[in-house]
file start.pdb (PDB, C-alpha atoms)
ATOM      1  CA  MET A   1       7.338 -24.649 -18.066
ATOM      2  CA  LYS A   2       9.984 -21.922 -18.370
ATOM      3  CA  TRP A   3       8.087 -19.593 -16.037
ATOM      4  CA  PHE A   4       7.756 -22.369 -13.443
ATOM      5  CA  LEU A   5      11.521 -23.017 -13.461
ATOM      6  CA  LEU A   6      12.149 -19.274 -13.084
ATOM      7  CA  VAL A   7       9.688 -19.056 -10.166
ATOM      8  CA  LEU A   8      11.256 -22.092  -8.527
ATOM      9  CA  THR A   9      14.762 -20.691  -9.008
ATOM     10  CA  LEU A  10      13.786 -17.335  -7.518
ATOM     11  CA  ALA A  11      11.819 -18.907  -4.658
ATOM     12  CA  LEU A  12      14.809 -21.034  -3.669
ATOM     13  CA  GLY A  13      17.044 -17.996  -3.507
ATOM     14  CA  GLY A  14      18.974 -18.490  -6.728
ATOM     15  CA  ARG A  15      18.278 -15.098  -8.200
ATOM     16  CA  ALA A  16      19.527 -16.253 -11.611
ATOM     17  CA  GLY A  17      22.194 -13.565 -11.835
ATOM     18  CA  PHE A  18      20.030 -10.663 -10.702
ATOM     19  CA  ALA A  19      21.467  -8.300  -8.116
ATOM     20  CA  ALA A  20      19.843  -8.383  -4.688
ATOM     21  CA  PRO A  21      17.469  -5.460  -4.276
ATOM     22  CA  ALA A  22      18.826  -2.731  -2.011
ATOM     23  CA  SER A  23      15.601  -2.354  -0.029
ATOM     24  CA  ALA A  24      14.939  -6.065   0.527
ATOM     25  CA  PRO A  25      14.873  -7.233   4.147
ATOM     26  CA  PRO A  26      17.964  -9.178   5.198
ATOM     27  CA  ALA A  27      17.715 -12.936   4.887
ATOM     28  CA  ASN A  28      18.335 -13.320   8.638
ATOM     29  CA  ALA A  29      15.664 -10.809   9.707
ATOM     30  CA  ALA A  30      14.546 -11.457  13.275
ATOM     31  CA  TYR A  31      11.338 -13.448  13.532
ATOM     32  CA  ARG A  32       8.366 -11.571  14.985
ATOM     33  CA  ILE A  33       5.855 -13.539  17.039
ATOM     34  CA  ASN A  34       2.345 -13.998  15.637
ATOM     35  CA  PRO A  35      -0.965 -15.093  17.174
ATOM     36  CA  GLY A  36      -1.096 -18.897  16.986
ATOM     37  CA  ASP A  37       2.641 -19.411  17.509
ATOM     38  CA  GLN A  38       3.763 -21.866  20.154
ATOM     39  CA  LEU A  39       6.554 -20.613  22.425
ATOM     40  CA  ASP A  40       8.986 -22.487  24.669
ATOM     41  CA  ILE A  41       9.776 -20.376  27.747
ATOM     42  CA  TYR A  42      12.432 -21.257  30.306
ATOM     43  CA  VAL A  43      13.305 -19.274  33.443
ATOM     44  CA  TRP A  44      16.859 -20.271  34.389
ATOM     45  CA  GLY A  45      17.227 -21.671  37.887
ATOM     46  CA  ASP A  46      13.500 -22.341  38.292
ATOM     47  CA  GLU A  47      12.330 -25.447  36.441
ATOM     48  CA  ARG A  48       8.781 -24.887  37.704
ATOM     49  CA  LEU A  49       8.581 -21.982  35.254
ATOM     50  CA  GLN A  50       9.496 -23.956  32.156
ATOM     51  CA  ARG A  51       6.420 -23.724  29.926
ATOM     52  CA  THR A  52       5.163 -24.186  26.396
ATOM     53  CA  MET A  53       2.677 -21.390  25.696
ATOM     54  CA  ASN A  54       0.332 -20.710  22.786
ATOM     55  CA  VAL A  55      -0.022 -17.092  21.694
ATOM     56  CA  LEU A  56      -3.727 -16.259  21.755
ATOM     57  CA  PRO A  57      -5.594 -14.591  18.856
ATOM     58  CA  ASP A  58      -5.225 -11.207  20.602
ATOM     59  CA  GLY A  59      -1.424 -11.651  20.539
ATOM     60  CA  SER A  60      -0.953 -12.333  24.259
ATOM     61  CA  PHE A  61      -0.322 -15.224  26.633
ATOM     62  CA  ALA A  62      -0.586 -15.570  30.414
ATOM     63  CA  PHE A  63       2.568 -16.615  32.271
ATOM     64  CA  PRO A  64       2.713 -17.695  35.958
ATOM     65  CA  LEU A  65       3.843 -14.909  38.331
ATOM     66  CA  ALA A  66       4.089 -12.438  35.427
ATOM     67  CA  GLY A  67       0.495 -12.100  34.252
ATOM     68  CA  THR A  68      -0.511 -11.251  30.714
ATOM     69  CA  VAL A  69       2.315 -10.680  28.236
ATOM     70  CA  HIS A  70       1.638  -9.087  24.838
ATOM     71  CA  ALA A  71       3.907 -10.867  22.369
ATOM     72  CA  ALA A  72       2.499 -10.328  18.851
ATOM     73  CA  GLY A  73       4.813  -8.300  16.651
ATOM     74  CA  LYS A  74       7.741  -8.627  19.074
ATOM     75  CA  THR A  75      10.913 -10.646  18.687
ATOM     76  CA  PRO A  76      11.584 -13.522  21.109
ATOM     77  CA  THR A  77      14.424 -11.422  22.570
ATOM     78  CA  ALA A  78      12.035  -8.556  23.340
ATOM     79  CA  VAL A  79       9.620 -10.968  25.067
ATOM     80  CA  GLU A  80      12.549 -12.374  27.086
ATOM     81  CA  GLY A  81      13.341  -8.881  28.362
ATOM     82  CA  GLU A  82       9.708  -8.122  29.187
ATOM     83  CA  LEU A  83       9.228 -11.408  31.069
ATOM     84  CA  SER A  84      12.470 -10.875  32.975
ATOM     85  CA  LYS A  85      11.267  -7.442  34.178
ATOM     86  CA  LEU A  86       7.819  -8.774  35.115
ATOM     87  CA  LEU A  87       9.359 -11.607  37.155
ATOM     88  CA  ALA A  88      11.992  -9.463  38.929
ATOM     89  CA  ASP A  89       9.784  -8.846  41.988
ATOM     90  CA  GLN A  90       9.539 -12.608  42.529
ATOM     91  CA  TYR A  91      13.362 -12.811  42.680
ATOM     92  CA  LYS A  92      14.053 -10.018  45.216
ATOM     93  CA  GLY A  93      14.352  -7.370  42.510
ATOM     94  CA  VAL A  94      16.940  -9.245  40.478
ATOM     95  CA  PRO A  95      15.619  -9.964  36.969
ATOM     96  CA  PRO A  96      16.001 -13.675  36.182
ATOM     97  CA  GLN A  97      17.523 -14.996  32.975
ATOM     98  CA  VAL A  98      14.662 -15.942  30.621
ATOM     99  CA  THR A  99      14.853 -17.794  27.296
ATOM    100  CA  VAL A 100      12.006 -17.583  24.771
ATOM    101  CA  SER A 101      12.060 -19.585  21.548
ATOM    102  CA  VAL A 102       9.435 -20.171  18.887
ATOM    103  CA  LYS A 103       8.711 -23.894  18.959
ATOM    104  CA  VAL A 104       6.011 -23.891  16.251
ATOM    105  CA  PRO A 105       5.583 -20.799  14.036
ATOM    106  CA  ALA A 106       1.973 -21.741  13.269
ATOM    107  CA  GLY A 107       0.843 -18.116  13.371
ATOM    108  CA  LEU A 108       2.737 -17.229  10.199
ATOM    109  CA  GLN A 109      -0.145 -18.143   7.900
ATOM    110  CA  ILE A 110      -0.795 -16.676   4.475
ATOM    111  CA  SER A 111      -3.420 -17.390   1.815
ATOM    112  CA  VAL A 112      -3.151 -17.478  -1.962
ATOM    113  CA  ILE A 113      -6.369 -17.311  -3.994
ATOM    114  CA  GLY A 114      -7.452 -16.705  -7.563
ATOM    115  CA  LYS A 115      -5.901 -18.029 -10.740
ATOM    116  CA  VAL A 116      -3.232 -20.280  -9.264
ATOM    117  CA  LYS A 117      -2.841 -24.038  -9.582
ATOM    118  CA  ALA A 118      -3.157 -24.865  -5.862
ATOM    119  CA  PRO A 119      -4.929 -22.075  -3.959
ATOM    120  CA  GLY A 120      -5.131 -22.337  -0.199
ATOM    121  CA  ALA A 121      -3.745 -21.333   3.171
ATOM    122  CA  PHE A 122      -0.057 -21.952   3.857
ATOM    123  CA  SER A 123       2.009 -21.881   7.059
ATOM    124  CA  PRO A 124       5.607 -21.425   5.907
ATOM    125  CA  THR A 125       8.355 -21.816   8.488
ATOM    126  CA  HIS A 126      10.055 -18.607   7.335
ATOM    127  CA  TYR A 127       9.089 -15.252   5.850
ATOM    128  CA  VAL A 128       8.125 -15.399   2.183
ATOM    129  CA  SER A 129       7.779 -12.824  -0.567
ATOM    130  CA  ALA A 130       4.827 -12.498  -2.935
ATOM    131  CA  LEU A 131       6.854 -14.495  -5.488
ATOM    132  CA  ASP A 132       7.561 -17.248  -2.952
ATOM    133  CA  ALA A 133       3.841 -17.433  -2.092
ATOM    134  CA  LEU A 134       2.980 -17.791  -5.782
ATOM    135  CA  ALA A 135       5.437 -20.701  -5.984
ATOM    136  CA  LEU A 136       3.865 -22.316  -2.872
ATOM    137  CA  ALA A 137       0.509 -22.219  -4.668
ATOM    138  CA  GLY A 138       1.911 -24.052  -7.686
ATOM    139  CA  GLY A 139       2.324 -20.962  -9.863
ATOM    140  CA  PRO A 140      -0.234 -19.040 -11.909
ATOM    141  CA  THR A 141      -2.708 -20.612 -14.294
ATOM    142  CA  GLU A 142      -2.602 -19.869 -18.011
ATOM    143  CA  PHE A 143      -4.956 -16.865 -17.947
ATOM    144  CA  ALA A 144      -3.757 -15.221 -14.723
ATOM    145  CA  ASP A 145      -3.320 -11.435 -14.892
ATOM    146  CA  LEU A 146       0.219 -11.223 -13.512
ATOM    147  CA  GLY A 147       0.323  -7.439 -13.827
ATOM    148  CA  ASN A 148      -2.501  -6.895 -11.321
ATOM    149  CA  ILE A 149      -1.660  -9.207  -8.423
ATOM    150  CA  ILE A 150      -2.488  -7.668  -5.058
ATOM    151  CA  ILE A 151      -1.957  -8.439  -1.395
ATOM    152  CA  LEU A 152      -4.800  -7.850   1.057
ATOM    153  CA  ARG A 153      -3.276  -6.901   4.403
ATOM    154  CA  HIS A 154      -5.445  -6.812   7.526
ATOM    155  CA  ALA A 155      -4.526  -4.514  10.415
ATOM    156  CA  GLY A 156      -7.216  -4.363  13.075
ATOM    157  CA  ASP A 157     -10.436  -3.217  11.445
ATOM    158  CA  ARG A 158      -8.704  -1.977   8.297
ATOM    159  CA  THR A 159      -7.701  -3.799   5.147
ATOM    160  CA  THR A 160      -5.087  -2.272   2.881
ATOM    161  CA  VAL A 161      -4.115  -3.238  -0.654
ATOM    162  CA  VAL A 162      -0.466  -3.739  -1.648
ATOM    163  CA  HIS A 163       0.287  -3.984  -5.383
ATOM    164  CA  THR A 164       2.996  -6.294  -6.728
ATOM    165  CA  ARG A 165       4.982  -6.396  -9.956
ATOM    166  CA  LEU A 166       5.343 -10.038 -10.910
ATOM    167  CA  GLY A 167       4.394  -9.973 -14.608
ATOM    168  CA  SER A 168       7.784  -9.067 -16.075
ATOM    169  CA  ILE A 169       9.634 -11.233 -13.528
ATOM    170  CA  LEU A 170       7.717 -14.330 -14.574
ATOM    171  CA  LYS A 171       8.345 -13.480 -18.237
ATOM    172  CA  GLY A 172      12.096 -13.388 -17.509
ATOM    173  CA  ARG A 173      12.467  -9.612 -18.037
ATOM    174  CA  PRO A 174      12.561  -8.050 -14.551
ATOM    175  CA  THR A 175      13.576  -4.437 -14.018
ATOM    176  CA  ASP A 176      15.306  -3.045 -10.935
ATOM    177  CA  ALA A 177      11.933  -1.669  -9.765
ATOM    178  CA  ASP A 178      10.377  -5.130 -10.169
ATOM    179  CA  LEU A 179      13.028  -6.667  -7.924
ATOM    180  CA  SER A 180      12.819  -3.998  -5.230
ATOM    181  CA  GLY A 181      11.111  -4.593  -1.902
ATOM    182  CA  GLU A 182       8.123  -2.610  -3.164
ATOM    183  CA  GLY A 183       7.900  -4.662  -6.380
ATOM    184  CA  VAL A 184       8.062  -8.041  -4.643
ATOM    185  CA  PRO A 185       6.934  -7.308  -1.082
ATOM    186  CA  GLU A 186       7.415  -9.664   1.829
ATOM    187  CA  LEU A 187       4.166 -11.134   3.121
ATOM    188  CA  MET A 188       3.076 -10.705   6.712
ATOM    189  CA  ALA A 189       1.032 -13.079   8.855
ATOM    190  CA  GLY A 190      -2.611 -13.023   7.755
ATOM    191  CA  ASP A 191      -1.929 -11.619   4.259
ATOM    192  CA  THR A 192      -3.902 -12.856   1.260
ATOM    193  CA  LEU A 193      -2.267 -12.878  -2.179
ATOM    194  CA  VAL A 194      -4.940 -12.433  -4.871
ATOM    195  CA  VAL A 195      -4.114 -13.465  -8.452
ATOM    196  CA  PRO A 196      -6.885 -12.186 -10.791
TER     197      PRO A 196
END
call {"tool": "encode", "arguments": {"input": "start.pdb", "output": "structure tokens"}}
result
Amino acid sequence: MKWFLLVLTLALGGRAGFAAPASAPPANAAYRINPGDQLDIYVWGDERLQRTMNVLPDGSFAFPLAGTVHAAGKTPTAVEGELSKLLADQYKGVPPQVTVSVKVPAGLQISVIGKVKAPGAFSPTHYVSALDALALAGGPTEFADLGNIIILRHAGDRTTVVHTRLGSILKGRPTDADLSGEGVPELMAGDTLVVP
């Protein structure tokens, strides 16, 4: 029960008196678009170009008068700029004001498998760390090997392995290295957390 309260406390952001790791991403890190996300796009002054678009599995979407736009891995602001440039010819060379917002971040999906209480696929509405993902899956079971948890990360045809350091954190004795960004990495869309 103690480990569950510690996991819950850490997952909710109450770091229980521990200093924030220097290499951790900022809490307000800009969201990057993922395949499967649903975007609201509005071209100011032209209501005909107000659309809700789904980002396809290849990371792109087709927009009227602009063609195919590659959005995966980009921030909404970057997609706004790209769409504005693509539409400029339709507005006598003057780039229109474009607003892109993520309506449904469905593409941010992660999986947690192995010795956890509730394994499965999760679609959090914000970025989560390996520790947060473990909390989403109900925490580890009694015989989980917390010192050998890994993240399987898929990038194209390659799969890489990222090691985590959750054992001492869940025992209430974290070190500075355990709390660093490398010790408790942030998960990316499509990652699988494996708890042996």
call {"tool": "resolve_selection", "arguments": {"input": "start.pdb", "expression": "the PyMOL selection byres ((chain A and resi 91-100) around 10)", "output": "number ranges by chain"}}
result
A: 39-46, 49-52, 75-90, 101-103
call {"tool": "write_last_selection", "arguments": {"input": "start.pdb", "atoms": "C-alpha atoms", "output": "PDB file, in the coordinates of the input"}}
result
ATOM      1  CA  LEU A  39       6.554 -20.613  22.425  1.00  0.00           C
ATOM      2  CA  ASP A  40       8.986 -22.487  24.669  1.00  0.00           C
ATOM      3  CA  ILE A  41       9.776 -20.376  27.747  1.00  0.00           C
ATOM      4  CA  TYR A  42      12.432 -21.257  30.306  1.00  0.00           C
ATOM      5  CA  VAL A  43      13.305 -19.274  33.443  1.00  0.00           C
ATOM      6  CA  TRP A  44      16.859 -20.271  34.389  1.00  0.00           C
ATOM      7  CA  GLY A  45      17.227 -21.671  37.887  1.00  0.00           C
ATOM      8  CA  ASP A  46      13.500 -22.341  38.292  1.00  0.00           C
ATOM      9  CA  LEU A  49       8.581 -21.982  35.254  1.00  0.00           C
ATOM     10  CA  GLN A  50       9.496 -23.956  32.156  1.00  0.00           C
ATOM     11  CA  ARG A  51       6.420 -23.724  29.926  1.00  0.00           C
ATOM     12  CA  THR A  52       5.163 -24.186  26.396  1.00  0.00           C
ATOM     13  CA  THR A  75      10.913 -10.646  18.687  1.00  0.00           C
ATOM     14  CA  PRO A  76      11.584 -13.522  21.109  1.00  0.00           C
ATOM     15  CA  THR A  77      14.424 -11.422  22.570  1.00  0.00           C
ATOM     16  CA  ALA A  78      12.035  -8.556  23.340  1.00  0.00           C
ATOM     17  CA  VAL A  79       9.620 -10.968  25.067  1.00  0.00           C
ATOM     18  CA  GLU A  80      12.549 -12.374  27.086  1.00  0.00           C
ATOM     19  CA  GLY A  81      13.341  -8.881  28.362  1.00  0.00           C
ATOM     20  CA  GLU A  82       9.708  -8.122  29.187  1.00  0.00           C
ATOM     21  CA  LEU A  83       9.228 -11.408  31.069  1.00  0.00           C
ATOM     22  CA  SER A  84      12.470 -10.875  32.975  1.00  0.00           C
ATOM     23  CA  LYS A  85      11.267  -7.442  34.178  1.00  0.00           C
ATOM     24  CA  LEU A  86       7.819  -8.774  35.115  1.00  0.00           C
ATOM     25  CA  LEU A  87       9.359 -11.607  37.155  1.00  0.00           C
ATOM     26  CA  ALA A  88      11.992  -9.463  38.929  1.00  0.00           C
ATOM     27  CA  ASP A  89       9.784  -8.846  41.988  1.00  0.00           C
ATOM     28  CA  GLN A  90       9.539 -12.608  42.529  1.00  0.00           C
ATOM     29  CA  SER A 101      12.060 -19.585  21.548  1.00  0.00           C
ATOM     30  CA  VAL A 102       9.435 -20.171  18.887  1.00  0.00           C
ATOM     31  CA  LYS A 103       8.711 -23.894  18.959  1.00  0.00           C
TER      32      LYS A 103
END
call {"tool": "resolve_selection", "arguments": {"input": "start.pdb", "expression": "the PyMOL selection byres ((chain A and resi 133) around 9)", "output": "ChimeraX atom specification"}}
result
/A:11,110-112,122,128-132,134-139,187,193
call {"tool": "resolve_selection", "arguments": {"input": "start.pdb", "expression": "the PyMOL selection byres ((chain A and resi 55) around 10)", "output": "ChimeraX atom specification"}}
result
/A:33-39,52-54,56-62,69-72,106-107
call {"tool": "write_last_selection", "arguments": {"input": "start.pdb", "atoms": "C-alpha atoms", "output": "short mmCIF file (atom, residue, chain, number, x, y, z; two decimals), in the frame of the given file"}}
result
data_model
loop_
_atom_site.label_atom_id
_atom_site.label_comp_id
_atom_site.auth_asym_id
_atom_site.auth_seq_id
_atom_site.Cartn_x
_atom_site.Cartn_y
_atom_site.Cartn_z
CA ILE A 33 5.86 -13.54 17.04
CA ASN A 34 2.35 -14.00 15.64
CA PRO A 35 -0.96 -15.09 17.17
CA GLY A 36 -1.10 -18.90 16.99
CA ASP A 37 2.64 -19.41 17.51
CA GLN A 38 3.76 -21.87 20.15
CA LEU A 39 6.55 -20.61 22.42
CA THR A 52 5.16 -24.19 26.40
CA MET A 53 2.68 -21.39 25.70
CA ASN A 54 0.33 -20.71 22.79
CA LEU A 56 -3.73 -16.26 21.76
CA PRO A 57 -5.59 -14.59 18.86
CA ASP A 58 -5.22 -11.21 20.60
CA GLY A 59 -1.42 -11.65 20.54
CA SER A 60 -0.95 -12.33 24.26
CA PHE A 61 -0.32 -15.22 26.63
CA ALA A 62 -0.59 -15.57 30.41
CA VAL A 69 2.32 -10.68 28.24
CA HIS A 70 1.64 -9.09 24.84
CA ALA A 71 3.91 -10.87 22.37
CA ALA A 72 2.50 -10.33 18.85
CA ALA A 106 1.97 -21.74 13.27
CA GLY A 107 0.84 -18.12 13.37
#
call {"tool": "atom_distance", "arguments": {"input": "start.pdb", "atom1": "CA of Gly190 (chain A)", "atom2": "CA of Thr125 (chain A)"}}
result
14.1 Å
call {"tool": "atom_distance", "arguments": {"input": "start.pdb", "atom1": "CA of Val161 (chain A)", "atom2": "CA of Tyr31 (chain A)"}}
result
23.3 Å
call {"tool": "atom_distance", "arguments": {"input": "start.pdb", "atom1": "CA of Thr175 (chain A)", "atom2": "CA of Asn148 (chain A)"}}
result
16.5 Å
call {"tool": "closest_residue", "arguments": {"input": "start.pdb", "among": "A:Pro185, A:Pro174, A:Gly167, A:Pro124", "to": "Arg153 (chain A)", "atoms": "only C-alpha atoms"}}
result
A:Pro185
call {"tool": "closest_residue", "arguments": {"input": "start.pdb", "among": "A:Leu170, A:Ala144, A:Ile113, A:Ala155", "to": "Val194 (chain A)", "atoms": "all atoms listed in the file"}}
result
A:Ile113
call {"tool": "residues_around", "arguments": {"input": "start.pdb", "residues": "His154 (chain A)", "least_positions_apart": "4", "cutoff": "10 Å", "atoms": "only C-alpha atoms", "output": "ChimeraX atom specification"}}
result
/A:158-161,188-192
call {"tool": "closest_residue", "arguments": {"input": "start.pdb", "among": "A:Val104, A:Thr164, A:Val195, A:Ala30", "to": "Ala118 (chain A)", "atoms": "all atoms listed in the file"}}
result
A:Val195
call {"tool": "closest_residue", "arguments": {"input": "start.pdb", "among": "A:Leu108, A:Ile150, A:Ala66, A:Leu166", "to": "Asp178 (chain A)", "atoms": "all atoms listed in the file"}}
result
A:Leu166
